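Content type compact mmCIF, C-alpha atoms, from the file entry_12.txt:
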```
# COMPACT_ATOMS: atom_id res chain seq x y z
CA MET A 22 -75.38 36.44 -15.88
CA ALA A 23 -78.34 38.40 -17.16
CA GLU A 24 -80.69 39.87 -14.60
CA SER A 25 -84.37 40.39 -15.26
CA LEU A 26 -86.06 43.68 -14.42
CA LYS A 27 -89.38 41.88 -14.61
CA THR A 28 -88.86 40.37 -11.18
CA GLU A 29 -86.92 43.20 -9.54
CA ILE A 30 -88.68 46.41 -10.56
CA ASP A 31 -91.09 48.03 -8.14
CA LEU A 32 -93.97 49.33 -10.25
CA SER A 33 -95.34 51.28 -7.29
CA GLN A 34 -92.55 53.78 -7.94
CA TYR A 35 -94.21 54.60 -11.24
CA PRO A 36 -97.78 55.72 -10.42
CA HIS A 37 -98.37 57.18 -13.86
CA ILE A 38 -97.87 54.01 -15.86
CA ASN A 39 -101.20 52.91 -17.29
CA LYS A 40 -101.95 50.68 -20.23
CA GLY A 41 -103.02 52.82 -23.17
CA LEU A 42 -102.27 55.97 -21.09
CA ALA A 43 -105.69 55.55 -19.47
CA GLY A 44 -106.43 58.46 -17.16
CA ILE A 45 -103.15 60.24 -17.91
CA VAL A 46 -103.38 64.01 -18.46
CA ALA A 47 -100.99 64.86 -21.30
CA PHE A 48 -102.11 68.40 -22.24
CA SER A 49 -104.28 71.26 -21.03
CA SER A 50 -106.77 72.52 -23.60
CA ASN A 51 -109.63 74.94 -24.21
CA LYS A 52 -111.04 72.88 -27.06
CA SER A 53 -113.40 70.42 -25.40
CA PHE A 54 -114.53 68.92 -22.11
CA ILE A 55 -116.03 65.48 -21.54
CA ASP A 56 -117.82 64.26 -18.42
CA GLY A 57 -118.01 60.52 -18.93
CA LYS A 58 -120.34 59.90 -16.00
CA LYS A 59 -122.90 62.52 -17.02
CA GLY A 60 -122.54 61.94 -20.75
CA GLU A 61 -121.61 65.58 -21.29
CA LEU A 62 -119.59 67.00 -24.19
CA ILE A 63 -118.61 70.67 -24.46
CA TYR A 64 -116.79 72.45 -27.28
CA ALA A 65 -114.96 75.58 -26.03
CA GLY A 66 -117.71 76.32 -23.52
CA TYR A 67 -120.75 75.28 -25.59
CA ASP A 68 -122.73 72.10 -24.89
CA ILE A 69 -122.95 69.76 -27.87
CA ASP A 70 -126.77 69.84 -27.76
CA THR A 71 -126.70 73.65 -28.06
CA LEU A 72 -124.35 73.50 -31.04
CA ALA A 73 -126.28 70.66 -32.69
CA GLU A 74 -129.49 72.66 -32.47
CA ASN A 75 -128.17 76.06 -33.51
CA ALA A 76 -124.75 76.06 -35.17
CA SER A 77 -123.35 75.56 -38.64
CA PHE A 78 -120.22 73.46 -39.09
CA GLU A 79 -118.41 76.61 -40.18
CA GLU A 80 -119.27 78.31 -36.87
CA VAL A 81 -117.90 75.28 -35.03
CA CYS A 82 -114.67 75.51 -37.03
CA PHE A 83 -114.28 79.15 -36.02
CA LEU A 84 -115.05 78.23 -32.41
CA LEU A 85 -112.39 75.51 -32.31
CA TRP A 86 -109.79 77.75 -33.96
CA ASN A 87 -110.51 80.88 -31.89
CA ASN A 88 -112.21 79.64 -28.68
CA ARG A 89 -115.21 81.87 -29.39
CA LEU A 90 -118.06 82.09 -31.87
CA PRO A 91 -117.76 84.45 -34.84
CA ASN A 92 -119.78 87.58 -35.35
CA LYS A 93 -121.66 88.02 -38.63
CA SER A 94 -118.81 89.60 -40.60
CA GLU A 95 -116.28 87.06 -39.30
CA LEU A 96 -118.53 84.17 -40.29
CA GLU A 97 -119.06 85.64 -43.76
CA GLU A 98 -115.29 86.05 -44.16
CA LEU A 99 -114.65 82.46 -43.05
CA ASN A 100 -117.33 81.09 -45.40
CA THR A 101 -115.78 83.01 -48.31
CA LYS A 102 -112.29 81.72 -47.52
CA LEU A 103 -113.50 78.13 -47.24
CA GLN A 104 -115.47 78.38 -50.49
CA ASN A 105 -112.48 79.83 -52.36
CA SER A 106 -110.06 77.17 -51.04
CA ARG A 107 -111.87 74.01 -52.18
CA GLU A 108 -110.11 73.44 -55.50
CA LEU A 109 -107.25 70.92 -55.56
CA PRO A 110 -103.81 71.43 -57.09
CA LYS A 111 -103.53 69.56 -60.41
CA PRO A 112 -100.88 67.05 -59.20
CA VAL A 113 -103.13 66.06 -56.29
CA LEU A 114 -106.11 65.65 -58.63
CA ASP A 115 -103.93 63.63 -61.02
CA TYR A 116 -102.91 61.34 -58.15
CA ILE A 117 -106.55 60.77 -57.17
CA GLN A 118 -107.46 59.88 -60.76
CA ASN A 119 -104.46 57.61 -61.34
CA THR A 120 -104.16 55.70 -58.08
CA SER A 121 -105.65 52.22 -57.66
CA LYS A 122 -109.44 52.17 -57.90
CA ASN A 123 -109.37 49.49 -55.19
CA ALA A 124 -107.38 51.59 -52.72
CA GLU A 125 -108.81 52.25 -49.27
CA PRO A 126 -110.36 55.72 -49.31
CA MET A 127 -108.61 56.62 -46.04
CA ALA A 128 -105.24 55.65 -47.53
CA VAL A 129 -105.89 57.88 -50.54
CA LEU A 130 -107.03 60.73 -48.29
CA ARG A 131 -103.91 60.40 -46.12
CA THR A 132 -101.62 60.57 -49.15
CA ALA A 133 -103.50 63.44 -50.81
CA VAL A 134 -103.44 65.57 -47.65
CA SER A 135 -99.72 64.97 -47.32
CA MET A 136 -99.28 66.10 -50.94
CA LEU A 137 -101.12 69.35 -50.19
CA GLY A 138 -98.14 70.40 -48.09
CA ASP A 139 -96.13 70.76 -51.31
CA PHE A 140 -98.37 73.58 -52.46
CA HIS A 141 -98.50 75.82 -49.40
CA GLU A 142 -96.21 78.76 -48.84
CA LEU A 143 -93.36 78.36 -46.40
CA ASP A 144 -93.83 79.31 -42.75
CA ALA A 145 -92.46 82.81 -43.15
CA ASP A 146 -95.07 84.15 -40.76
CA ASP A 147 -95.68 81.57 -38.05
CA THR A 148 -98.59 83.34 -36.33
CA ASP A 149 -102.05 82.21 -35.28
CA GLU A 150 -103.56 83.96 -38.31
CA PHE A 151 -101.18 82.10 -40.62
CA ARG A 152 -101.99 78.79 -38.91
CA ILE A 153 -105.72 79.44 -39.19
CA ASN A 154 -105.32 80.09 -42.91
CA LYS A 155 -103.61 76.69 -43.18
CA ALA A 156 -106.47 75.12 -41.23
CA ILE A 157 -108.98 76.72 -43.60
CA THR A 158 -107.09 75.38 -46.63
CA ILE A 159 -106.94 71.82 -45.32
CA THR A 160 -110.54 71.82 -44.07
CA ALA A 161 -111.80 73.15 -47.41
CA LYS A 162 -109.91 70.64 -49.56
CA ILE A 163 -110.59 67.39 -47.68
CA PRO A 164 -114.23 67.13 -48.86
CA THR A 165 -113.06 67.65 -52.44
CA ILE A 166 -110.50 64.83 -52.10
CA ILE A 167 -113.10 62.40 -50.73
CA ALA A 168 -115.74 63.15 -53.36
CA ALA A 169 -113.20 63.18 -56.21
CA PHE A 170 -111.80 59.76 -55.32
CA ASP A 171 -115.21 58.16 -54.88
CA ARG A 172 -116.37 59.37 -58.28
CA SER A 173 -113.07 58.55 -59.97
CA ARG A 174 -113.00 54.96 -58.69
CA SER A 175 -116.58 54.53 -59.91
CA GLY A 176 -115.71 55.70 -63.42
CA LYS A 177 -117.70 58.92 -63.02
CA ASN A 178 -116.68 62.46 -63.85
CA ILE A 179 -115.16 64.45 -61.00
CA VAL A 180 -117.44 67.31 -60.00
CA GLU A 181 -115.71 70.62 -59.43
CA PRO A 182 -116.47 72.29 -56.09
CA LEU A 183 -118.78 75.26 -55.87
CA ASN A 184 -117.51 78.63 -54.65
CA GLU A 185 -120.70 79.10 -52.68
CA LYS A 186 -122.87 77.26 -50.16
CA SER A 187 -121.91 75.36 -46.98
CA THR A 188 -119.34 72.61 -46.52
CA ALA A 189 -122.16 70.08 -46.09
CA PHE A 190 -124.02 71.23 -49.21
CA ASN A 191 -120.89 71.31 -51.36
CA PHE A 192 -119.71 67.85 -50.28
CA LEU A 193 -123.03 66.19 -51.10
CA TYR A 194 -123.12 68.09 -54.41
CA MET A 195 -119.61 66.91 -55.40
CA LEU A 196 -120.34 63.35 -54.26
CA ASN A 197 -123.64 62.92 -56.12
CA ASP A 198 -123.42 65.50 -58.93
CA GLU A 199 -126.69 67.03 -57.84
CA LYS A 200 -127.59 69.73 -55.41
CA PRO A 201 -128.85 68.27 -52.12
CA GLY A 202 -132.14 69.15 -50.53
CA GLU A 203 -132.45 71.21 -47.40
CA GLU A 204 -132.91 68.19 -45.10
CA ALA A 205 -129.90 66.35 -46.53
CA GLU A 206 -127.71 69.42 -46.04
CA LYS A 207 -129.03 69.87 -42.50
CA THR A 208 -128.31 66.22 -41.64
CA MET A 209 -124.76 66.34 -43.03
CA ASN A 210 -124.09 69.62 -41.23
CA LEU A 211 -125.20 68.05 -37.95
CA CYS A 212 -122.98 64.99 -38.50
CA LEU A 213 -119.99 67.27 -39.11
CA ILE A 214 -120.67 69.16 -35.88
CA LEU A 215 -120.97 65.98 -33.82
CA HIS A 216 -117.62 64.59 -35.01
CA ALA A 217 -115.64 67.84 -34.92
CA GLU A 218 -113.84 67.49 -31.60
CA HIS A 219 -113.55 64.98 -28.78
CA GLY A 220 -110.74 65.55 -26.33
CA MET A 221 -107.41 63.76 -26.25
CA ASN A 222 -108.23 60.76 -28.41
CA ALA A 223 -105.57 58.81 -30.32
CA SER A 224 -105.61 60.96 -33.47
CA THR A 225 -105.64 64.27 -31.58
CA PHE A 226 -102.75 63.10 -29.40
CA THR A 227 -100.85 62.09 -32.53
CA ASN A 228 -101.57 65.47 -34.09
CA ARG A 229 -100.31 67.38 -31.05
CA ALA A 230 -97.24 65.19 -30.65
CA ILE A 231 -96.23 65.89 -34.25
CA CYS A 232 -96.90 69.61 -33.80
CA SER A 233 -94.68 69.59 -30.71
CA THR A 234 -91.67 68.79 -32.90
CA GLU A 235 -92.42 72.05 -34.77
CA SER A 236 -93.41 70.10 -37.85
CA ASP A 237 -95.98 71.65 -40.19
CA MET A 238 -99.76 71.34 -39.98
CA TYR A 239 -99.98 69.08 -43.04
CA SER A 240 -97.69 66.56 -41.33
CA SER A 241 -99.74 66.69 -38.14
CA VAL A 242 -103.05 66.19 -39.95
CA THR A 243 -101.57 63.39 -42.07
CA GLY A 244 -100.42 61.60 -38.91
CA ALA A 245 -103.82 62.11 -37.32
CA ILE A 246 -105.53 60.59 -40.37
CA GLY A 247 -103.29 57.55 -40.01
CA ALA A 248 -104.39 57.16 -36.39
CA LEU A 249 -108.09 57.70 -37.19
CA LYS A 250 -107.93 55.05 -39.92
CA GLY A 251 -107.71 52.23 -37.37
CA PRO A 252 -110.85 50.20 -36.56
CA LEU A 253 -110.52 50.94 -32.83
CA HIS A 254 -110.79 54.65 -33.55
CA GLY A 255 -112.51 56.22 -36.56
CA GLY A 256 -112.87 52.99 -38.52
CA ALA A 257 -115.44 51.61 -36.11
CA ASN A 258 -118.51 53.07 -37.85
CA GLN A 259 -117.65 51.23 -41.05
CA GLN A 260 -117.42 47.99 -39.05
CA VAL A 261 -120.84 48.70 -37.52
CA MET A 262 -122.37 49.02 -40.98
CA ASN A 263 -120.60 45.87 -42.17
CA MET A 264 -122.16 44.05 -39.20
CA LEU A 265 -125.64 45.28 -40.08
CA LEU A 266 -125.17 44.34 -43.74
CA ASP A 267 -123.95 40.89 -42.64
CA ILE A 268 -127.15 40.43 -40.61
CA ASP A 269 -129.14 41.39 -43.70
CA GLU A 270 -127.21 39.07 -46.03
CA LYS A 271 -127.55 36.10 -43.68
CA ASP A 272 -131.19 36.94 -42.90
CA ALA A 273 -130.18 36.53 -39.27
CA ASP A 274 -132.04 37.51 -36.14
CA PRO A 275 -130.05 40.49 -34.77
CA VAL A 276 -130.36 39.37 -31.15
CA GLU A 277 -129.19 35.83 -31.91
CA TYR A 278 -126.41 37.27 -34.09
CA ILE A 279 -125.08 39.38 -31.21
CA HIS A 280 -125.38 36.52 -28.73
CA GLN A 281 -123.33 34.35 -31.06
CA ARG A 282 -120.63 37.03 -31.36
CA LEU A 283 -120.50 37.41 -27.60
CA ASP A 284 -120.31 33.64 -27.13
CA ASN A 285 -117.39 33.56 -29.58
CA LYS A 286 -115.65 36.38 -27.68
CA GLU A 287 -115.90 38.61 -30.77
CA LYS A 288 -115.99 42.38 -30.38
CA VAL A 289 -119.24 44.15 -31.18
CA MET A 290 -118.24 47.43 -32.78
CA GLY A 291 -119.99 50.65 -31.84
CA PHE A 292 -120.26 49.90 -28.12
CA GLY A 293 -118.30 51.06 -25.13
CA HIS A 294 -116.02 54.03 -24.79
CA ARG A 295 -112.81 54.75 -22.93
CA VAL A 296 -114.35 57.90 -21.42
CA TYR A 297 -118.15 57.60 -21.32
CA LYS A 298 -119.76 55.45 -18.63
CA THR A 299 -123.21 56.22 -19.99
CA MET A 300 -124.59 56.82 -23.47
CA ASP A 301 -122.35 58.98 -25.63
CA PRO A 302 -124.28 62.28 -26.05
CA ARG A 303 -123.48 62.25 -29.77
CA ALA A 304 -125.01 58.77 -30.05
CA ARG A 305 -128.15 60.08 -28.36
CA ILE A 306 -128.54 62.80 -31.01
CA LEU A 307 -127.73 60.44 -33.87
CA ARG A 308 -130.20 57.87 -32.54
CA GLY A 309 -133.08 60.24 -33.23
CA MET A 310 -131.69 61.08 -36.67
CA SER A 311 -131.32 57.38 -37.47
CA LYS A 312 -134.97 56.70 -36.67
CA GLN A 313 -136.20 59.64 -38.74
CA LEU A 314 -133.99 58.92 -41.75
CA SER A 315 -134.69 55.20 -41.79
CA GLU A 316 -138.42 55.93 -41.95
CA GLU A 317 -137.95 58.49 -44.72
CA THR A 318 -135.71 56.27 -46.85
CA GLY A 319 -137.36 52.89 -46.28
CA HIS A 320 -134.50 51.42 -44.23
CA THR A 321 -136.59 50.93 -41.11
CA GLU A 322 -135.12 47.46 -40.54
CA LEU A 323 -131.66 48.99 -39.96
CA TYR A 324 -132.97 51.17 -37.17
CA GLU A 325 -135.02 48.31 -35.69
CA TRP A 326 -132.01 45.99 -35.74
CA SER A 327 -129.88 48.72 -34.16
CA GLU A 328 -132.37 49.11 -31.33
CA ALA A 329 -132.47 45.34 -30.80
CA ILE A 330 -128.67 45.20 -30.70
CA LEU A 331 -128.54 48.15 -28.30
CA GLU A 332 -130.96 46.45 -25.91
CA THR A 333 -129.06 43.16 -26.12
CA MET A 334 -125.69 44.78 -25.40
CA LYS A 335 -127.16 46.71 -22.49
CA ASN A 336 -128.70 43.58 -21.00
CA GLU A 337 -125.71 41.30 -21.58
CA LYS A 338 -122.76 43.65 -21.05
CA ASP A 339 -124.27 46.78 -19.51
CA ILE A 340 -122.51 48.98 -22.06
CA ASP A 341 -123.94 51.79 -24.14
CA PRO A 342 -123.46 52.71 -27.80
CA ASN A 343 -120.90 55.29 -28.87
CA VAL A 344 -121.01 57.81 -31.71
CA ASP A 345 -120.08 55.17 -34.31
CA PHE A 346 -123.11 52.96 -33.72
CA PHE A 347 -125.87 55.21 -35.03
CA SER A 348 -123.71 57.31 -37.37
CA ALA A 349 -123.36 54.18 -39.52
CA THR A 350 -127.09 53.93 -40.22
CA VAL A 351 -127.41 57.70 -40.67
CA TYR A 352 -124.75 57.73 -43.39
CA TYR A 353 -126.17 54.59 -45.03
CA SER A 354 -129.65 56.10 -45.12
CA MET A 355 -128.11 59.11 -46.89
CA GLY A 356 -126.75 56.80 -49.59
CA ILE A 357 -123.08 57.07 -48.55
CA LYS A 358 -120.88 54.00 -49.07
CA PRO A 359 -119.62 52.38 -45.85
CA ASP A 360 -115.95 52.65 -46.77
CA LEU A 361 -116.32 56.46 -46.91
CA TYR A 362 -117.58 56.75 -43.34
CA THR A 363 -114.17 57.28 -41.75
CA CYS A 364 -113.28 59.80 -44.45
CA ILE A 365 -116.34 61.83 -43.49
CA PHE A 366 -115.25 61.55 -39.86
CA THR A 367 -111.93 63.06 -41.00
CA MET A 368 -113.72 65.81 -42.92
CA SER A 369 -115.23 66.91 -39.62
CA ARG A 370 -112.46 66.12 -37.11
CA VAL A 371 -109.87 68.13 -39.05
CA SER A 372 -111.42 71.21 -37.45
CA GLY A 373 -110.57 69.86 -34.01
CA TRP A 374 -107.11 68.64 -35.01
CA THR A 375 -106.13 71.98 -36.47
CA GLY A 376 -107.56 73.75 -33.43
CA HIS A 377 -105.34 71.61 -31.21
CA TYR A 378 -102.37 72.27 -33.51
CA ILE A 379 -102.87 76.03 -33.10
CA GLU A 380 -103.18 75.63 -29.33
CA GLN A 381 -100.08 73.43 -29.09
CA ALA A 382 -98.01 75.81 -31.22
CA GLU A 383 -98.96 78.78 -29.04
CA ASN A 384 -97.28 77.31 -25.96
CA ASN A 385 -95.23 74.45 -27.28
CA ARG A 386 -93.04 71.93 -25.57
CA LEU A 387 -91.72 68.79 -27.23
CA VAL A 388 -93.75 65.72 -26.29
CA ARG A 389 -91.29 63.25 -24.79
CA PRO A 390 -92.78 60.69 -22.40
CA ARG A 391 -90.66 58.01 -20.77
CA ALA A 392 -90.94 54.27 -21.30
CA LEU A 393 -90.41 51.77 -18.50
CA TYR A 394 -87.93 49.14 -19.65
CA ILE A 395 -89.05 45.72 -18.43
CA GLY A 396 -86.62 43.53 -20.34
CA GLU A 397 -83.38 41.90 -19.29
CA LYS A 398 -80.00 43.62 -19.05
CA ASN A 399 -76.30 42.70 -18.93
CA LYS A 400 -76.82 39.67 -21.15
CA ASP A 401 -73.73 37.76 -22.22
CA TRP A 402 -72.64 38.10 -25.83
CA VAL A 403 -72.78 34.88 -27.85
CA PRO A 404 -70.91 34.71 -31.20
CA VAL A 405 -73.17 34.22 -34.20
CA GLU A 406 -71.72 30.77 -34.87
CA GLN A 407 -72.90 29.57 -31.46
CA ARG A 408 -76.44 30.95 -31.49
```
Would you give me this structure, written as structure tokens?
Amino acid sequence: MAESLKTEIDLSQYPHINKGLAGIVAFSSNKSFIDGKKGELIYAGYDIDTLAENASFEEVCFLLWNNRLPNKSELEELNTKLQNSRELPKPVLDYIQNTSKNAEPMAVLRTAVSMLGDFHELDADDTDEFRINKAITITAKIPTIIAAFDRSRSGKNIVEPLNEKSTAFNFLYMLNDEKPGEEAEKTMNLCLILHAEHGMNASTFTNRAICSTESDMYSSVTGAIGALKGPLHGGANQQVMNMLLDIDEKDADPVEYIHQRLDNKEKVMGFGHRVYKTMDPRARILRGMSKQLSEETGHTELYEWSEAILETMKNEKDIDPNVDFFSATVYYSMGIKPDLYTCIFTMSRVSGWTGHYIEQAENNRLVRPRALYIGEKNKDWVPVEQR
């Protein structure tokens, strides 16, 4: 007769089994540190507030790839390499122009990044310098992919990337076919910094697991994009904006709207975090940006609704907003379509993913966790005619 492990197994023998790997340390890393109780986030030794106030996204990329900030000549060299790597191979551009105009932007981005692997030289020199050059190539081309698809699906001409200016400036230029102002560039640069790295989240774990098989960086980043695409990870900020737009369309009171969702046991996106037990420090920075931008662009109701929702969630559930909550209104105030939000998240987070890839490759071991079998065993075979 079959015996069931469900009733016989002693789970106390397996102290490291946690749902969703909660609390499990899978890797050691120099890339970032999070203190969930204090609401602290550090990139390679630098507090996120320090970087937000002083750094460019390009400096953060260098930091995550090298575990130190660049000097002047190193930063100039990196900027030049990024600027000269923005153009897409023709087959990738053809794909973007010919794919379905109704495709999800993240699905298009995932496919286009995977295609980029066809156009990179073979790993003849598998060194950190070679890996960093791959990281530069991928980081430089992702903004071009996003902007090209958005314009193509809208029936607009695709704007060729500039071989000058910052990543933030160039992206907004390619997206809108006009050079952005200083404040718009500054805001986009700050958003890219805030999303660049965040510990062992689902997409970063996926990225490192793929790297551990000695697969290439394009495969790892493609897998990470697939993980980020989900609404419980990077897709949450789009859901936040959809919620705010739904409130607007229904002319609903935001507090009553949230109470109704809570009464219906529906999830309110943009709140709670697996690590932070207080306000996400990135949300704190974005909160100020959201207020300022909403006033400048005439979307003050979005900020006011967000504050009302924040207060309601704090009172009813005692949970704080995460990075997705205020990033939604920041992007919307900048005129960016909600279904591009997760793509912009990718545009930033690729710096962290590739940094983790480099780190994993330096001291690699194949990721191979165990699974606890909790099903039955020794079941009797029954011929198909008798089932």
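CA of Asp198 in chain A is positioned 27.7 Å from CA of Leu249 in chain A.
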Calculate how many Å separate CA of Leu72 in chain A from CA of Leu331 in chain A, rounding to one decimal.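 Separation between CA of Leu72 in chain A and CA of Leu331 in chain A: 25.8 Å.
If only C-alpha atoms are the atoms counted, then among A:Ala245, A:Thr225, A:Asp360, A:Phe48 the closest residue to Asn123 in chain A is A:Asp360.
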Exercise: Asn100 in chain A partners within 7 Å, all atoms listed in the file, chain neighbours under 4 positions left out, as a CSV table (one decimal) with C-alpha atoms, in the coordinates of the input:
```csv
chain,number,residue,atom,x,y,z
A,79,GLU,CA,-118.4,76.6,-40.2
A,96,LEU,CA,-118.5,84.2,-40.3
A,104,GLN,CA,-115.5,78.4,-50.5
```
Which is closest to Val81 in chain A among A:Met127, A:Val371, A:Leu183, A:Ile340, if we use all atoms listed in the file?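 Counting all atoms listed in the file, the residue closest to Val81 in chain A is A:Val371.
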Could you give me, as JSON, numbers by chain, the residues within 12 Å of Met334 in chain A, counting all atoms listed in the file and dropping anything in the same chain fewer than 6 positions from it? {"A": [275, 276, 277, 278, 279, 280, 282, 283, 288, 289, 290, 291, 292, 293, 327, 328, 340, 341, 342, 346]}
Tell me, as a list in words, which residues lie within 12 Å of Glu325 in chain A, counting only C-alpha atoms; anything in the same chain fewer than 4 positions away does not count.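 Here the answer would be Leu265, Asp274, Pro275, Val276, Arg308, Ser311, Lys312, Gln313, Ser315, Glu316, Gly319, His320, Thr321, Ala329, Ile330, Leu331, Glu332, Phe347 and Thr350 of chain A.
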Report the centre and edge lengths, in Å to one decimal, of an axis-aligned box enclosing every atom of range 60-70 of chain A listed in the file, padded by 8 Å on each side, as AutoDock Vina command-line options.
```
--center_x -120.9 --center_y 69.1 --center_z -24.3 --size_x 27.8 --size_y 30.4 --size_z 23.1
```
For Met195 in chain A, the closest of A:Gly220, A:Arg107, A:His141, A:Asp237 counting all atoms listed in the file is A:Arg107
Would you mind telling me which residue in A:Lys186, A:His219, A:Arg391, A:Lys177 lies nearest to Glu61 in chain A when using all atoms listed in the file?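 Closest to Glu61 in chain A, using all atoms listed in the file: A:His219.
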With all atoms listed in the file as the counted atoms, please give the residues lying no more than 12 Å from Asn119 in chain A, apart from itself and same-chain residues fewer than 6 positions off, as a PyMOL selection string. chain A and resi 112-113+129+169-170+173-174+176
What is the CA of Glu98 in chain A to CA of Ala161 in chain A distance in Å? 13.8 Å
Of the candidates A:Phe140, A:Tyr362, A:Trp402, A:Phe151, which shows the shortest atom-to-atom distance to Val261 in chain A, using only C-alpha atoms? A:Tyr362
Min atom-atom distance to Glu125 in chain A from the set A:Arg229, A:Thr188, A:Thr363, A:Leu307, counting all atoms listed in the file, belongs to A:Thr363
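The environment of range 83-85 of chain A within 9 Å, counting all atoms listed in the file and disregarding residues fewer than 3 places along the same chain, consists of Asn51, Lys52, Ser53, Tyr64, Ala65, Phe78, Glu79, Glu80, Asn88, Arg89, Leu90, Pro91, Glu95, Leu96, Leu99, Ala217, Glu218, Ser372, Gly373, Thr375, Gly376 and His377 of chain A.
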